[in-house]
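Visitor: Structure below; questions to follow.
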Amino acid sequence: MPEYNNDTFFDMVYQVVRLIPKGRVTSYGAIAKYLGASRSSRMVGWAMNNAHTLQDPVPAHRVVNRNGLLTGKAHFGAPDAMKNLLEKEGISVKEDQILDFKKIFWDPTEELEIT
DNA sequence: CGATTGACGTACG
DNA sequence: TCGTACGCCAATC
């Protein structure tokens, strides 16, 4: 059974992802950059992978790559699970590509201030 | 314990 | 503009 790995980076990723407002999305790199590890964007993806095992829900469907492409949709079980969740929040998705991505993009480095 | 992989992104040619 | 190479760190093989 998975425990709460409050190491730092991973847990911070989970927290930021949970802070993503409904109907908004962000990118792995944006989160990594917010954490001060812009070059560790891959770890954000790994965090999401581990997030699947967490007890607390993590809206990983609101996290996409820099292109606004649903690269992680394959990890949701169903091919359209991620797309369904996004559209359910009012986000338009076409061919695994988020429409108006630039518009609904939620940048933690701007929306959230580093305390 | 060494090599490979992974939900990415940037740099370089 | 497109394709390839590398970095980053942890988990898995």
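How things are named: the first chain in the structure tokens is A, the next is B, and so on; residues count from 1 in each chain; ligands count from 1 in the order shown.
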If we count only C-alpha atoms (C1' of nucleotides), what is near range 3-8 of chain B at a cut-off of 7 Å, once residues fewer than 4 positions away on the same chain are taken out, given as a PyMOL selection string?
Guide: chain A and resi 28-29+41-42+45-46+48-49+65+71-72
Visitor: Produce a file of the selected residues containing C-alpha atoms, as a short mmCIF file (atom, residue, chain, number, x, y, z; two decimals), in the first residue's frame.
Guide:
data_model
loop_
_atom_site.label_atom_id
_atom_site.label_comp_id
_atom_site.auth_asym_id
_atom_site.auth_seq_id
_atom_site.Cartn_x
_atom_site.Cartn_y
_atom_site.Cartn_z
CA TYR A 28 4.60 19.66 -16.96
CA GLY A 29 7.31 22.17 -17.70
CA SER A 41 10.02 18.32 -16.40
CA ARG A 42 10.27 14.55 -16.82
CA GLY A 45 5.52 13.09 -15.49
CA TRP A 46 6.92 10.53 -13.13
CA MET A 48 1.87 11.87 -12.18
CA ASN A 49 2.63 8.23 -12.71
CA ASN A 65 2.63 18.82 -22.39
CA THR A 71 0.29 12.86 -24.03
CA GLY A 72 -0.79 11.11 -20.84
#
Visitor: Could you give me, as JSON lines, every chain A residue with an atom at most 12 Å from chain B, plus its closest atom pair and distance in Å to one decimal, counting only C-alpha atoms (C1' of nucleotides), rows ordered by chain then number?
Guide:
{"residue": "A:Ser27", "atom": "CA", "partner": "B:DC8", "partner_atom": "C1'", "distance": 9.1}
{"residue": "A:Tyr28", "atom": "CA", "partner": "B:DC8", "partner_atom": "C1'", "distance": 6.7}
{"residue": "A:Gly29", "atom": "CA", "partner": "B:DC8", "partner_atom": "C1'", "distance": 6.7}
{"residue": "A:Ala30", "atom": "CA", "partner": "B:DG9", "partner_atom": "C1'", "distance": 10.1}
{"residue": "A:Ile31", "atom": "CA", "partner": "B:DC8", "partner_atom": "C1'", "distance": 11.1}
{"residue": "A:Ala32", "atom": "CA", "partner": "B:DC8", "partner_atom": "C1'", "distance": 9.8}
{"residue": "A:Lys33", "atom": "CA", "partner": "B:DG9", "partner_atom": "C1'", "distance": 10.6}
{"residue": "A:Ala37", "atom": "CA", "partner": "B:DG9", "partner_atom": "C1'", "distance": 11.2}
{"residue": "A:Ser38", "atom": "CA", "partner": "B:DG9", "partner_atom": "C1'", "distance": 8.0}
{"residue": "A:Arg39", "atom": "CA", "partner": "B:DG9", "partner_atom": "C1'", "distance": 7.0}
{"residue": "A:Ser40", "atom": "CA", "partner": "B:DC8", "partner_atom": "C1'", "distance": 8.0}
{"residue": "A:Ser41", "atom": "CA", "partner": "B:DC8", "partner_atom": "C1'", "distance": 5.1}
{"residue": "A:Arg42", "atom": "CA", "partner": "B:DC8", "partner_atom": "C1'", "distance": 4.9}
{"residue": "A:Met43", "atom": "CA", "partner": "B:DC8", "partner_atom": "C1'", "distance": 8.5}
{"residue": "A:Val44", "atom": "CA", "partner": "B:DA7", "partner_atom": "C1'", "distance": 8.0}
{"residue": "A:Gly45", "atom": "CA", "partner": "B:DA7", "partner_atom": "C1'", "distance": 4.5}
{"residue": "A:Trp46", "atom": "CA", "partner": "B:DG6", "partner_atom": "C1'", "distance": 6.9}
{"residue": "A:Ala47", "atom": "CA", "partner": "B:DA7", "partner_atom": "C1'", "distance": 8.7}
{"residue": "A:Met48", "atom": "CA", "partner": "B:DA7", "partner_atom": "C1'", "distance": 6.5}
{"residue": "A:Asn49", "atom": "CA", "partner": "B:DA7", "partner_atom": "C1'", "distance": 6.8}
{"residue": "A:Asn50", "atom": "CA", "partner": "B:DA7", "partner_atom": "C1'", "distance": 10.3}
{"residue": "A:Ala51", "atom": "CA", "partner": "B:DA7", "partner_atom": "C1'", "distance": 10.7}
{"residue": "A:His52", "atom": "CA", "partner": "B:DA7", "partner_atom": "C1'", "distance": 10.9}
{"residue": "A:Ala60", "atom": "CA", "partner": "B:DA7", "partner_atom": "C1'", "distance": 8.7}
{"residue": "A:His61", "atom": "CA", "partner": "B:DA7", "partner_atom": "C1'", "distance": 9.7}
{"residue": "A:Arg62", "atom": "CA", "partner": "B:DA7", "partner_atom": "C1'", "distance": 11.3}
{"residue": "A:Val63", "atom": "CA", "partner": "B:DA7", "partner_atom": "C1'", "distance": 8.5}
{"residue": "A:Val64", "atom": "CA", "partner": "B:DA7", "partner_atom": "C1'", "distance": 7.8}
{"residue": "A:Asn65", "atom": "CA", "partner": "B:DC8", "partner_atom": "C1'", "distance": 6.8}
{"residue": "A:Arg66", "atom": "CA", "partner": "B:DC8", "partner_atom": "C1'", "distance": 7.9}
{"residue": "A:Asn67", "atom": "CA", "partner": "B:DC8", "partner_atom": "C1'", "distance": 10.4}
{"residue": "A:Gly68", "atom": "CA", "partner": "B:DC8", "partner_atom": "C1'", "distance": 12.0}
{"residue": "A:Leu69", "atom": "CA", "partner": "B:DA7", "partner_atom": "C1'", "distance": 10.7}
{"residue": "A:Leu70", "atom": "CA", "partner": "B:DA7", "partner_atom": "C1'", "distance": 8.6}
{"residue": "A:Thr71", "atom": "CA", "partner": "B:DA7", "partner_atom": "C1'", "distance": 6.1}
{"residue": "A:Gly72", "atom": "CA", "partner": "B:DA7", "partner_atom": "C1'", "distance": 4.2}
{"residue": "A:Lys73", "atom": "CA", "partner": "B:DA7", "partner_atom": "C1'", "distance": 7.9}
{"residue": "A:Ala74", "atom": "CA", "partner": "B:DA7", "partner_atom": "C1'", "distance": 8.5}
{"residue": "A:His75", "atom": "CA", "partner": "B:DA7", "partner_atom": "C1'", "distance": 7.4}
{"residue": "A:Phe76", "atom": "CA", "partner": "B:DA7", "partner_atom": "C1'", "distance": 10.0}
{"residue": "A:Met82", "atom": "CA", "partner": "B:DA7", "partner_atom": "C1'", "distance": 11.7}
Visitor: Based on DSSP run over this structure's backbone, return all residues of range 9-110 of chain A in alpha helix (DSSP H), as a compact mmCIF listing (two decimals) with all heavy atoms, in the first residue's frame.
Guide:
# COMPACT_ATOMS: atom_id res chain seq x y z
N PHE A 9 9.74 17.26 -3.97
CA PHE A 9 9.43 17.55 -5.37
C PHE A 9 8.10 16.91 -5.78
O PHE A 9 7.20 17.59 -6.27
CB PHE A 9 10.56 17.03 -6.25
CG PHE A 9 10.44 17.50 -7.67
CD1 PHE A 9 10.95 18.74 -8.03
CD2 PHE A 9 9.82 16.72 -8.62
CE1 PHE A 9 10.84 19.18 -9.33
CE2 PHE A 9 9.71 17.16 -9.93
CZ PHE A 9 10.23 18.39 -10.28
N PHE A 10 8.01 15.62 -5.57
CA PHE A 10 6.80 14.91 -5.98
C PHE A 10 5.57 15.48 -5.28
O PHE A 10 4.56 15.75 -5.91
CB PHE A 10 6.95 13.42 -5.64
CG PHE A 10 7.68 12.67 -6.71
CD1 PHE A 10 8.89 13.15 -7.20
CD2 PHE A 10 7.17 11.49 -7.22
CE1 PHE A 10 9.57 12.45 -8.19
CE2 PHE A 10 7.85 10.80 -8.21
CZ PHE A 10 9.06 11.27 -8.68
N ASP A 11 5.68 15.65 -3.98
CA ASP A 11 4.54 16.14 -3.22
C ASP A 11 4.14 17.54 -3.66
O ASP A 11 2.97 17.87 -3.74
CB ASP A 11 4.90 16.14 -1.72
CG ASP A 11 3.65 16.33 -0.89
OD1 ASP A 11 2.65 15.66 -1.19
OD2 ASP A 11 3.68 17.16 0.03
N MET A 12 5.14 18.35 -3.95
CA MET A 12 4.87 19.71 -4.41
C MET A 12 4.13 19.68 -5.74
O MET A 12 3.23 20.47 -6.00
CB MET A 12 6.18 20.48 -4.56
CG MET A 12 6.78 20.84 -3.20
SD MET A 12 8.41 21.58 -3.35
CE MET A 12 7.98 23.20 -3.91
N VAL A 13 4.53 18.76 -6.58
CA VAL A 13 3.84 18.60 -7.87
C VAL A 13 2.37 18.29 -7.64
O VAL A 13 1.50 18.89 -8.25
CB VAL A 13 4.49 17.47 -8.69
CG1 VAL A 13 3.67 17.18 -9.94
CG2 VAL A 13 5.91 17.84 -9.07
N TYR A 14 2.12 17.37 -6.74
CA TYR A 14 0.73 16.98 -6.46
C TYR A 14 -0.06 18.18 -5.95
O TYR A 14 -1.20 18.39 -6.35
CB TYR A 14 0.69 15.88 -5.41
CG TYR A 14 1.49 14.67 -5.80
CD1 TYR A 14 2.29 14.01 -4.86
CD2 TYR A 14 1.45 14.18 -7.10
CE1 TYR A 14 3.02 12.90 -5.21
CE2 TYR A 14 2.18 13.07 -7.46
CZ TYR A 14 2.97 12.43 -6.51
OH TYR A 14 3.70 11.34 -6.84
N GLN A 15 0.56 18.96 -5.08
CA GLN A 15 -0.14 20.12 -4.53
C GLN A 15 -0.46 21.14 -5.61
O GLN A 15 -1.57 21.65 -5.68
CB GLN A 15 0.73 20.78 -3.45
CG GLN A 15 0.83 19.94 -2.21
CD GLN A 15 1.50 20.69 -1.07
OE1 GLN A 15 1.26 21.87 -0.90
NE2 GLN A 15 2.32 20.01 -0.30
N VAL A 16 0.49 21.41 -6.46
CA VAL A 16 0.27 22.38 -7.54
C VAL A 16 -0.83 21.90 -8.47
O VAL A 16 -1.70 22.66 -8.87
CB VAL A 16 1.57 22.61 -8.33
CG1 VAL A 16 1.32 23.49 -9.55
CG2 VAL A 16 2.64 23.22 -7.44
N VAL A 17 -0.78 20.63 -8.80
CA VAL A 17 -1.79 20.06 -9.70
C VAL A 17 -3.18 20.18 -9.08
O VAL A 17 -4.15 20.49 -9.77
CB VAL A 17 -1.48 18.58 -10.00
CG1 VAL A 17 -2.62 17.95 -10.81
CG2 VAL A 17 -0.18 18.47 -10.77
N ARG A 18 -3.26 19.97 -7.78
CA ARG A 18 -4.56 20.08 -7.10
C ARG A 18 -5.04 21.53 -7.09
O ARG A 18 -6.23 21.78 -6.94
CB ARG A 18 -4.44 19.58 -5.67
CG ARG A 18 -4.20 18.08 -5.60
CD ARG A 18 -4.39 17.56 -4.19
NE ARG A 18 -3.94 16.18 -4.09
CZ ARG A 18 -2.84 15.81 -3.43
NH1 ARG A 18 -2.10 16.70 -2.83
NH2 ARG A 18 -2.50 14.54 -3.37
N TYR A 28 3.61 20.27 -17.83
CA TYR A 28 4.60 19.66 -16.96
C TYR A 28 5.76 20.64 -16.72
O TYR A 28 6.22 20.80 -15.59
CB TYR A 28 5.14 18.38 -17.59
CG TYR A 28 4.06 17.39 -17.92
CD1 TYR A 28 3.50 17.35 -19.19
CD2 TYR A 28 3.58 16.50 -16.95
CE1 TYR A 28 2.51 16.44 -19.49
CE2 TYR A 28 2.59 15.60 -17.25
CZ TYR A 28 2.06 15.57 -18.53
OH TYR A 28 1.07 14.69 -18.83
N GLY A 29 6.18 21.25 -17.79
CA GLY A 29 7.31 22.17 -17.70
C GLY A 29 6.99 23.36 -16.82
O GLY A 29 7.85 23.85 -16.09
N ALA A 30 5.74 23.84 -16.89
CA ALA A 30 5.34 24.99 -16.09
C ALA A 30 5.43 24.66 -14.61
O ALA A 30 5.90 25.46 -13.81
CB ALA A 30 3.92 25.40 -16.47
N ILE A 31 4.98 23.48 -14.27
CA ILE A 31 5.04 23.03 -12.88
C ILE A 31 6.49 22.88 -12.44
O ILE A 31 6.88 23.35 -11.37
CB ILE A 31 4.30 21.69 -12.71
CG1 ILE A 31 2.82 21.87 -13.02
CG2 ILE A 31 4.48 21.15 -11.29
CD1 ILE A 31 2.05 20.57 -13.06
N ALA A 32 7.27 22.26 -13.29
CA ALA A 32 8.69 22.06 -12.97
C ALA A 32 9.38 23.40 -12.79
O ALA A 32 10.17 23.59 -11.86
CB ALA A 32 9.35 21.26 -14.09
N LYS A 33 9.04 24.33 -13.65
CA LYS A 33 9.64 25.65 -13.58
C LYS A 33 9.24 26.36 -12.30
O LYS A 33 10.04 27.04 -11.67
CB LYS A 33 9.20 26.46 -14.79
CG LYS A 33 9.95 27.77 -14.92
CD LYS A 33 9.59 28.43 -16.23
CE LYS A 33 10.45 29.70 -16.39
NZ LYS A 33 10.20 30.34 -17.67
N TYR A 34 7.98 26.18 -11.94
CA TYR A 34 7.48 26.79 -10.71
C TYR A 34 8.23 26.24 -9.50
O TYR A 34 8.48 26.95 -8.53
CB TYR A 34 5.99 26.51 -10.58
CG TYR A 34 5.42 26.93 -9.26
CD1 TYR A 34 5.29 28.30 -8.95
CD2 TYR A 34 5.02 26.00 -8.30
CE1 TYR A 34 4.77 28.70 -7.74
CE2 TYR A 34 4.50 26.40 -7.09
CZ TYR A 34 4.39 27.74 -6.81
OH TYR A 34 3.88 28.14 -5.60
N SER A 41 11.42 18.47 -16.01
CA SER A 41 10.02 18.32 -16.40
C SER A 41 9.62 16.83 -16.46
O SER A 41 8.48 16.48 -16.23
CB SER A 41 9.77 18.96 -17.75
OG SER A 41 10.70 18.47 -18.68
N ARG A 42 10.57 15.99 -16.75
CA ARG A 42 10.27 14.55 -16.82
C ARG A 42 9.83 14.04 -15.46
O ARG A 42 9.01 13.13 -15.37
CB ARG A 42 11.51 13.79 -17.25
CG ARG A 42 11.84 14.02 -18.69
CD ARG A 42 13.11 13.32 -19.05
NE ARG A 42 12.83 12.26 -19.98
CZ ARG A 42 13.78 11.56 -20.59
NH1 ARG A 42 15.03 11.81 -20.33
NH2 ARG A 42 13.48 10.64 -21.42
N MET A 43 10.39 14.59 -14.42
CA MET A 43 10.04 14.14 -13.07
C MET A 43 8.58 14.43 -12.78
O MET A 43 7.93 13.71 -12.05
CB MET A 43 10.92 14.85 -12.05
CG MET A 43 12.39 14.54 -12.24
SD MET A 43 12.76 12.80 -12.11
CE MET A 43 12.58 12.29 -13.82
N VAL A 44 8.07 15.52 -13.37
CA VAL A 44 6.65 15.84 -13.18
C VAL A 44 5.81 14.70 -13.75
O VAL A 44 4.83 14.28 -13.15
CB VAL A 44 6.31 17.17 -13.88
CG1 VAL A 44 4.83 17.50 -13.70
CG2 VAL A 44 7.17 18.29 -13.33
N GLY A 45 6.22 14.22 -14.88
CA GLY A 45 5.52 13.09 -15.49
C GLY A 45 5.60 11.86 -14.59
O GLY A 45 4.62 11.15 -14.40
N TRP A 46 6.75 11.65 -14.04
CA TRP A 46 6.92 10.53 -13.13
C TRP A 46 6.03 10.70 -11.89
O TRP A 46 5.46 9.75 -11.38
CB TRP A 46 8.37 10.40 -12.69
CG TRP A 46 9.05 9.25 -13.36
CD1 TRP A 46 10.12 9.31 -14.20
CD2 TRP A 46 8.71 7.87 -13.25
NE1 TRP A 46 10.45 8.05 -14.62
CE2 TRP A 46 9.59 7.14 -14.05
CE3 TRP A 46 7.71 7.16 -12.56
CZ2 TRP A 46 9.55 5.75 -14.18
CZ3 TRP A 46 7.66 5.78 -12.70
CH2 TRP A 46 8.57 5.09 -13.50
N ALA A 47 5.95 11.93 -11.44
CA ALA A 47 5.11 12.23 -10.27
C ALA A 47 3.66 11.86 -10.58
O ALA A 47 2.96 11.28 -9.75
CB ALA A 47 5.23 13.70 -9.91
N MET A 48 3.23 12.20 -11.77
CA MET A 48 1.87 11.87 -12.18
C MET A 48 1.67 10.35 -12.19
O MET A 48 0.65 9.84 -11.79
CB MET A 48 1.62 12.41 -13.58
CG MET A 48 1.63 13.93 -13.66
SD MET A 48 0.28 14.71 -12.80
CE MET A 48 1.10 15.15 -11.28
N ASN A 49 2.70 9.68 -12.67
CA ASN A 49 2.63 8.23 -12.71
C ASN A 49 2.47 7.68 -11.31
O ASN A 49 1.68 6.77 -11.06
CB ASN A 49 3.92 7.68 -13.35
CG ASN A 49 3.76 6.21 -13.70
OD1 ASN A 49 2.79 5.58 -13.32
ND2 ASN A 49 4.71 5.69 -14.43
N ASN A 50 3.18 8.24 -10.38
CA ASN A 50 3.11 7.82 -8.99
C ASN A 50 1.81 8.32 -8.36
O ASN A 50 1.29 7.71 -7.43
CB ASN A 50 4.32 8.36 -8.23
CG ASN A 50 4.52 7.60 -6.93
OD1 ASN A 50 4.11 6.46 -6.82
ND2 ASN A 50 5.14 8.24 -5.98
N ALA A 51 1.31 9.43 -8.87
CA ALA A 51 0.08 10.04 -8.35
C ALA A 51 -1.10 9.07 -8.52
O ALA A 51 -2.06 9.11 -7.77
CB ALA A 51 -0.20 11.34 -9.08
N ALA A 81 -10.80 8.83 -21.78
CA ALA A 81 -11.07 9.18 -20.38
C ALA A 81 -10.59 10.60 -20.09
O ALA A 81 -11.31 11.41 -19.53
CB ALA A 81 -10.38 8.19 -19.46
N MET A 82 -9.37 10.88 -20.48
CA MET A 82 -8.80 12.20 -20.22
C MET A 82 -9.58 13.28 -20.99
O MET A 82 -9.92 14.32 -20.44
CB MET A 82 -7.34 12.20 -20.66
CG MET A 82 -6.58 13.43 -20.23
SD MET A 82 -4.80 13.29 -20.54
CE MET A 82 -4.23 14.84 -19.82
N LYS A 83 -9.85 13.00 -22.23
CA LYS A 83 -10.60 13.94 -23.06
C LYS A 83 -11.99 14.19 -22.46
O LYS A 83 -12.46 15.32 -22.42
CB LYS A 83 -10.74 13.36 -24.48
CG LYS A 83 -11.59 14.23 -25.38
CD LYS A 83 -11.75 13.56 -26.73
CE LYS A 83 -12.72 14.39 -27.57
NZ LYS A 83 -12.98 13.76 -28.86
N ASN A 84 -12.60 13.12 -22.00
CA ASN A 84 -13.93 13.22 -21.42
C ASN A 84 -13.91 14.13 -20.20
O ASN A 84 -14.78 15.00 -20.03
CB ASN A 84 -14.41 11.82 -21.04
CG ASN A 84 -15.91 11.77 -20.97
OD1 ASN A 84 -16.54 12.78 -20.66
ND2 ASN A 84 -16.48 10.61 -21.24
N LEU A 85 -12.93 13.93 -19.34
CA LEU A 85 -12.81 14.74 -18.13
C LEU A 85 -12.61 16.21 -18.47
O LEU A 85 -13.21 17.09 -17.85
CB LEU A 85 -11.64 14.23 -17.29
CG LEU A 85 -11.88 12.87 -16.63
CD1 LEU A 85 -10.58 12.34 -16.04
CD2 LEU A 85 -12.94 12.98 -15.56
N LEU A 86 -11.79 16.47 -19.45
CA LEU A 86 -11.51 17.86 -19.85
C LEU A 86 -12.75 18.52 -20.43
O LEU A 86 -13.09 19.65 -20.07
CB LEU A 86 -10.37 17.88 -20.87
CG LEU A 86 -9.00 17.50 -20.29
CD1 LEU A 86 -7.98 17.35 -21.39
CD2 LEU A 86 -8.54 18.54 -19.28
N GLU A 87 -13.42 17.81 -21.31
CA GLU A 87 -14.63 18.37 -21.93
C GLU A 87 -15.71 18.58 -20.88
O GLU A 87 -16.54 19.48 -20.99
CB GLU A 87 -15.13 17.43 -23.02
CG GLU A 87 -14.21 17.44 -24.24
CD GLU A 87 -14.76 16.58 -25.35
OE1 GLU A 87 -15.60 15.71 -25.06
OE2 GLU A 87 -14.36 16.79 -26.51
N LYS A 88 -15.67 17.74 -19.87
CA LYS A 88 -16.65 17.85 -18.79
C LYS A 88 -16.46 19.16 -18.02
O LYS A 88 -17.38 19.69 -17.42
CB LYS A 88 -16.47 16.65 -17.85
CG LYS A 88 -17.63 16.46 -16.90
CD LYS A 88 -17.44 15.18 -16.13
CE LYS A 88 -18.64 14.95 -15.22
NZ LYS A 88 -18.48 13.72 -14.44
N PHE A 101 -5.73 26.29 -26.02
CA PHE A 101 -4.82 25.89 -24.94
C PHE A 101 -4.14 27.12 -24.34
O PHE A 101 -4.04 27.25 -23.13
CB PHE A 101 -3.79 24.91 -25.49
CG PHE A 101 -2.70 24.60 -24.50
CD1 PHE A 101 -2.97 23.87 -23.36
CD2 PHE A 101 -1.40 25.06 -24.71
CE1 PHE A 101 -1.98 23.58 -22.44
CE2 PHE A 101 -0.40 24.78 -23.80
CZ PHE A 101 -0.68 24.04 -22.66
N LYS A 102 -3.73 27.99 -25.21
CA LYS A 102 -3.05 29.21 -24.77
C LYS A 102 -3.98 30.07 -23.92
O LYS A 102 -3.55 30.82 -23.06
CB LYS A 102 -2.59 29.98 -26.01
CG LYS A 102 -1.68 31.14 -25.69
CD LYS A 102 -1.18 31.77 -27.00
CE LYS A 102 -0.24 32.93 -26.68
NZ LYS A 102 0.20 33.57 -27.93
N LYS A 103 -5.26 29.91 -24.19
CA LYS A 103 -6.27 30.72 -23.50
C LYS A 103 -6.54 30.22 -22.09
O LYS A 103 -6.59 30.98 -21.14
CB LYS A 103 -7.57 30.64 -24.31
CG LYS A 103 -8.25 31.97 -24.48
CD LYS A 103 -9.50 31.76 -25.31
CE LYS A 103 -9.97 33.07 -25.90
NZ LYS A 103 -11.14 32.84 -26.76
N ILE A 104 -6.71 28.91 -21.98
CA ILE A 104 -7.04 28.31 -20.69
C ILE A 104 -5.82 27.85 -19.93
O ILE A 104 -5.92 27.25 -18.87
CB ILE A 104 -7.98 27.11 -20.89
CG1 ILE A 104 -7.27 26.02 -21.68
CG2 ILE A 104 -9.27 27.54 -21.57
CD1 ILE A 104 -8.11 24.79 -21.90
N PRO A 108 1.29 28.48 -13.05
CA PRO A 108 1.50 28.63 -11.60
C PRO A 108 2.49 29.72 -11.28
O PRO A 108 2.39 30.36 -10.23
CB PRO A 108 2.03 27.25 -11.18
CG PRO A 108 2.56 26.63 -12.43
CD PRO A 108 1.73 27.19 -13.55
N THR A 109 3.43 29.96 -12.17
CA THR A 109 4.44 30.99 -11.90
C THR A 109 3.84 32.39 -11.96
O THR A 109 4.41 33.34 -11.46
CB THR A 109 5.60 30.90 -12.91
OG1 THR A 109 5.06 31.09 -14.22
CG2 THR A 109 6.27 29.55 -12.82
N GLU A 110 2.64 32.48 -12.57
CA GLU A 110 1.99 33.79 -12.65
C GLU A 110 0.76 33.86 -11.76
O GLU A 110 0.51 34.86 -11.11
CB GLU A 110 1.58 34.06 -14.11
CG GLU A 110 2.78 34.25 -15.00
CD GLU A 110 2.35 34.67 -16.39
OE1 GLU A 110 1.15 34.82 -16.61
OE2 GLU A 110 3.24 34.83 -17.25
Visitor: What is the distance, in Å and to one decimal place, between CA of Val25 in chain A and CA of Phe105 in chain A?
Guide: 5.1 Å
Visitor: How many Å lie between CA of Arg24 in chain A and CA of Glu89 in chain A, rounded to one decimal?
Guide: 8.3 Å
Visitor: For chain A, work out the contacting residues on chain C at 9 Å, counting only C-alpha atoms (C1' of nucleotides), and write them as a PyMOL selection string.
Guide: chain C and resi 7-11
Visitor: Just to be explicit: take each residue in the selection above, keep C-alpha atoms (C1' of nucleotides), and write the result as an mmCIF file, in the first residue's frame.
Guide:
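As written to disk, result07.cif reads:
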data_model
loop_
_atom_site.group_PDB
_atom_site.id
_atom_site.type_symbol
_atom_site.label_atom_id
_atom_site.label_comp_id
_atom_site.auth_asym_id
_atom_site.auth_seq_id
_atom_site.Cartn_x
_atom_site.Cartn_y
_atom_site.Cartn_z
ATOM 1 C "C1'" DG C 7 19.646 16.714 -19.388
ATOM 2 C "C1'" DC C 8 17.078 15.832 -15.256
ATOM 3 C "C1'" DC C 9 16.014 12.225 -11.286
ATOM 4 C "C1'" DA C 10 13.596 8.308 -9.788
ATOM 5 C "C1'" DA C 11 11.847 3.697 -10.475
#
Visitor: Which residues in chain A does DSSP call strand (DSSP E or B)? List them as a short mmCIF file (atom, residue, chain, number, x, y, z; two decimals) with N, CA and C atoms, in the first residue's frame.
Guide:
data_model
loop_
_atom_site.label_atom_id
_atom_site.label_comp_id
_atom_site.auth_asym_id
_atom_site.auth_seq_id
_atom_site.Cartn_x
_atom_site.Cartn_y
_atom_site.Cartn_z
N VAL A 25 -5.88 24.35 -17.52
CA VAL A 25 -4.86 23.32 -17.66
C VAL A 25 -3.47 23.93 -17.55
N THR A 26 -2.50 23.11 -17.32
CA THR A 26 -1.12 23.59 -17.26
C THR A 26 -0.22 22.54 -17.88
N SER A 27 1.06 22.82 -17.89
CA SER A 27 1.99 21.89 -18.52
C SER A 27 3.00 21.37 -17.50
N VAL A 63 -3.16 18.32 -16.63
CA VAL A 63 -1.75 18.53 -16.92
C VAL A 63 -1.40 17.92 -18.28
N VAL A 64 -0.95 18.75 -19.17
CA VAL A 64 -0.58 18.27 -20.50
C VAL A 64 0.82 18.77 -20.86
N LEU A 69 -0.95 18.92 -25.86
CA LEU A 69 -1.35 17.61 -26.34
C LEU A 69 -1.54 16.65 -25.17
N VAL A 93 -11.51 19.62 -26.65
CA VAL A 93 -10.38 18.79 -27.06
C VAL A 93 -10.66 18.18 -28.44
N LYS A 94 -9.70 18.31 -29.32
CA LYS A 94 -9.85 17.78 -30.67
C LYS A 94 -8.59 17.01 -31.05
N GLN A 97 -5.83 17.13 -28.82
CA GLN A 97 -5.22 18.46 -28.77
C GLN A 97 -6.20 19.43 -28.12
N ILE A 98 -5.75 20.11 -27.07
CA ILE A 98 -6.62 21.07 -26.38
C ILE A 98 -6.77 22.34 -27.22
N PHE A 105 -4.66 28.14 -20.48
CA PHE A 105 -3.42 27.74 -19.83
C PHE A 105 -3.28 28.43 -18.47
#
